[in-house]
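K.L.:
The structure that follows is given in the form of structure tokens.
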2 protein chains.
Amino acid sequence: MRAAPAVFARRLWMPPEQPPERLGLIAGGGDVPGNVADAAVEAGMDVHVLAFEGVTDADLLARFPHSFIRFDKVGGTVDALKKNRCDSVCMVGKVARPDFGKLRPDLAGISLLPKVIKAASQGDDALLQVLVDFFQKKGFRVLGAHEIAGDVLVEAGVLGSCRPTLADDIDITKGIEVVDAIGGLDIGQGAVVQQGLVLAVEAAEGTDLMLERCVGLVKGHGGVLVKLTKPGQDHRIDLPTIGVTTVEGAARAGLNGIAVEAGAALVIDRGSTIAAADRAGIFIVGVERPAGG
Amino acid sequence: MRAAPAVFARRLWMPPEQPPERLGLIAGGGDVPGNVADAAVEAGMDVHVLAFEGVTDADLLARFPHSFIRFDKVGGTVDALKKNRCDSVCMVGKVARPDFGKLRPDLAGISLLPKVIKAASQGDDALLQVLVDFFQKKGFRVLGAHEIAGDVLVEAGVLGSCRPTLADDIDITKGIEVVDAIGGLDIGQGAVVQQGLVLAVEAAEGTDLMLERCVGLVKGHGGVLVKLTKPGQDHRIDLPTIGVTTVEGAARAGLNGIAVEAGAALVIDRGSTIAAADRAGIFIVGVERPAGG
């Protein structure tokens, strides 16, 4: 039974019908962009990284050819993609929402501005969707990280050697209900629940900071972190992600484990993440989102 | 027009039909219990404070006769109330949810335990409701803070000299929608919204800590803190509260203002709070909750 999950993960991965030759990887912060870049190379793609100054991981920049882009210079981004002969685009990694008052858009950016302003008030997903539509209109294929790096997707079931107890299952169920609701309002993708009490809800601060404040909120030991996509979210952008940092944060907070959406959440550096969870005595489980979600 | 709010606040205050002679004030942390104690004295009541070790404000203990109680010794609490001839009870102030694994209930506590455990998994409100029912069954009248200290209630409209702009109103509307939804799930009573983006949602950490993490999340200046009761919540327990600390936290985060539920939120030390808001250039506004909420 231990081998089944990996097989399942591979089945979830659908190869793009016509593999792009050259990928423009718009890389935010964190480790995920590096994992996706490596997977793309493994799949036979050339990778050009489009990086944000001070945000994109330095190691990724050292390993791949790259251009620096800015959120407000979308015209410049298209130029960089064309100049480097990219035929597809993947957006991945953490990018803080910009201060709209300080943007100095280029011409293409200005033409996009009315849509951006409207979308911004509807939440992060709407904002990212404007960019997906923009790149598609410019003739690029927009790929999700999971279409390039299939094995980063979390499968259904337990990933490591620790399993949730019945009490954990009750907290997971409550957590799914909560995250589904806050996702529906485009607030966020995560929450921490202990003994039925919602200790923390993730909004703009991100999972790591949410786990940090749980250190003082968890009573004794117990509770779960739950992460799901938002209902109806485009899976090419902003998938919920876990990694070693998440496991360490959950352990420090005294949680029993982590539950993420099967077939939709990403696990960075799967081997190290599962090893860290096993070491910490923390479960990681891929769960189905509720029907209709 | 400036005098109108105070008049309105007084109209909202309904004096209890038969003023209790002696109030047992179960006092959690923060300044609100002191304000309620003073208001009770002003209304002609005797006050005996039931205090939590290391939680209840030292100044309140210095000023009023008191007994120490414990969350798990509800029998002891009833004894303290009877011994001090209290005929009514008011629960007010912050109390952290106890670690259920460490409770050592007395006999009355043990009889209450099945209800407490069931309620605990339904959230804070359910838990407090068990205590309200318990004290009522024991023959005590349970009063809300607002029934004793009418002028701590926030009225509809602007409280200080700063007013929300149209952009703020849009954020307030979004905030009301969000807080109403998370309140319906018994998650919490507050959120921070800027330009349509939900920066933070309050769960177990409380408003002050939520505002603290907004310092890094607010872009430039703007955004509002919204606090509402949970839909259907008993107004005798756990009303959303603001005070000077809230105003200072909002100012540090760079917010434009604070919107709280009119006729349901409490303002601690009204004069100082409004003065602090005016000094910081922050608005405070009492808002109606959505129909059906």
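To be explicit about the labels: the chains of the structure tokens are called A, B, and onward in the order shown, and within each one the residues are counted from 1, while ligands get numbers from 1 in the order they are shown.
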As a PyMOL selection string, which residues of range 57-220 of chain B does DSSP assign to helix (DSSP H, G or I)?

P.N.:
chain B and resi 58-63+74-83+100-102+107-120+124-137+145-148+150-152+166-184+207-214

K.L.:
Could you list, as a ChimeraX atom specification, every residue of chain A that has an atom within 8 Å of an atom of chain B, counting only C-alpha atoms?

P.N.:
/A:98-99,101,120-124,178,181-182,185,187,195-205,213,217,219-220

K.L.:
Of the candidates B:Val36, B:Ile172, B:Leu60, B:Val158, which shows the shortest atom-to-atom distance to His146 in chain B, using only C-alpha atoms?

P.N.:
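Looking at the shortest contact to His146 in chain B, the residue is B:Val36.
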
K.L.:
Write out as a VMD selection string the set of residues from range 122-266 of chain B that DSSP, computed on the backbone, places in strand (DSSP E).

P.N.:
chain B and resid 141 to 142 157 to 158 190 to 194 197 to 201 224 to 227 241 to 242 257 to 261 266

K.L.:
Determine the nearest neighbour of Gly160 in chain A from the options A:Glu21, A:Gly34, A:Gly281, A:Gly29, counting only C-alpha atoms.

P.N.:
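Residue with the minimum atom-to-atom distance to Gly160 in chain A: A:Gly281.
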
K.L.:
What is the CA of Gly184 in chain B-CA of Lys227 in chain B distance in Å, reported with one decimal?

P.N.:
13.4 Å

K.L.:
For each of B:Cys162, B:Leu61, B:Ile110, B:Val92, take the minimum atom-to-atom distance to Ile274 in chain B, counting only C-alpha atoms, then give the residue where this is smallest.

P.N.:
B:Cys162

K.L.:
Could you name the residues that touch Ala40 in chain A at 9 Å or less, counting only C-alpha atoms, but leaving out those on the same chain fewer than 5 positions away, as a list in words?

P.N.:
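In the requested form, the answer reads Leu23, Asn35, Met45, Asp46, Val47, Ile148 and Ala149 of chain A.
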
K.L.:
Hey, can you spit out that residue selection with N, CA and C atoms as a PDB file, in the first residue's frame?

P.N.:
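Written file, out01.pdb:
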ATOM      1  N   LEU A  23       9.802  27.760 -22.012  1.00  0.00           N
ATOM      2  CA  LEU A  23       8.877  28.242 -20.976  1.00  0.00           C
ATOM      3  C   LEU A  23       9.385  29.539 -20.355  1.00  0.00           C
ATOM      4  N   ASN A  35      11.579  24.279  -8.107  1.00  0.00           N
ATOM      5  CA  ASN A  35      11.102  22.917  -8.365  1.00  0.00           C
ATOM      6  C   ASN A  35      10.462  22.805  -9.736  1.00  0.00           C
ATOM      7  N   MET A  45      11.968  20.908 -21.638  1.00  0.00           N
ATOM      8  CA  MET A  45      11.752  22.314 -22.007  1.00  0.00           C
ATOM      9  C   MET A  45      13.005  23.142 -21.759  1.00  0.00           C
ATOM     10  N   ASP A  46      13.120  24.241 -22.513  1.00  0.00           N
ATOM     11  CA  ASP A  46      14.065  25.295 -22.163  1.00  0.00           C
ATOM     12  C   ASP A  46      13.341  26.251 -21.217  1.00  0.00           C
ATOM     13  N   VAL A  47      14.066  26.765 -20.257  1.00  0.00           N
ATOM     14  CA  VAL A  47      13.425  27.649 -19.283  1.00  0.00           C
ATOM     15  C   VAL A  47      14.110  29.007 -19.254  1.00  0.00           C
ATOM     16  N   ILE A 148       3.305  21.144 -15.352  1.00  0.00           N
ATOM     17  CA  ILE A 148       4.730  20.978 -15.659  1.00  0.00           C
ATOM     18  C   ILE A 148       5.366  19.971 -14.703  1.00  0.00           C
ATOM     19  N   ALA A 149       5.075  20.155 -13.417  1.00  0.00           N
ATOM     20  CA  ALA A 149       5.683  19.299 -12.391  1.00  0.00           C
ATOM     21  C   ALA A 149       4.593  18.471 -11.732  1.00  0.00           C
TER      22      ALA A 149
END

K.L.:
Any idea what's packed within 8 Å of Leu211 in chain B, counting only C-alpha atoms, ignoring anything in its chain fewer than 6 positions away? Could you give it as JSON, numbers by chain?

P.N.:
{"B": [192, 249, 250, 253]}

K.L.:
For C-alpha atoms, I'd like the residues from the last selection saved as a CSV table (one decimal), in the first residue's frame.

P.N.:
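Listed below is the output, part_24.csv:
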chain,number,residue,atom,x,y,z
B,192,VAL,CA,-9.2,44.2,8.1
B,249,GLY,CA,-3.1,49.5,16.8
B,250,ALA,CA,-5.2,50.7,13.8
B,253,ALA,CA,-1.1,49.6,10.8
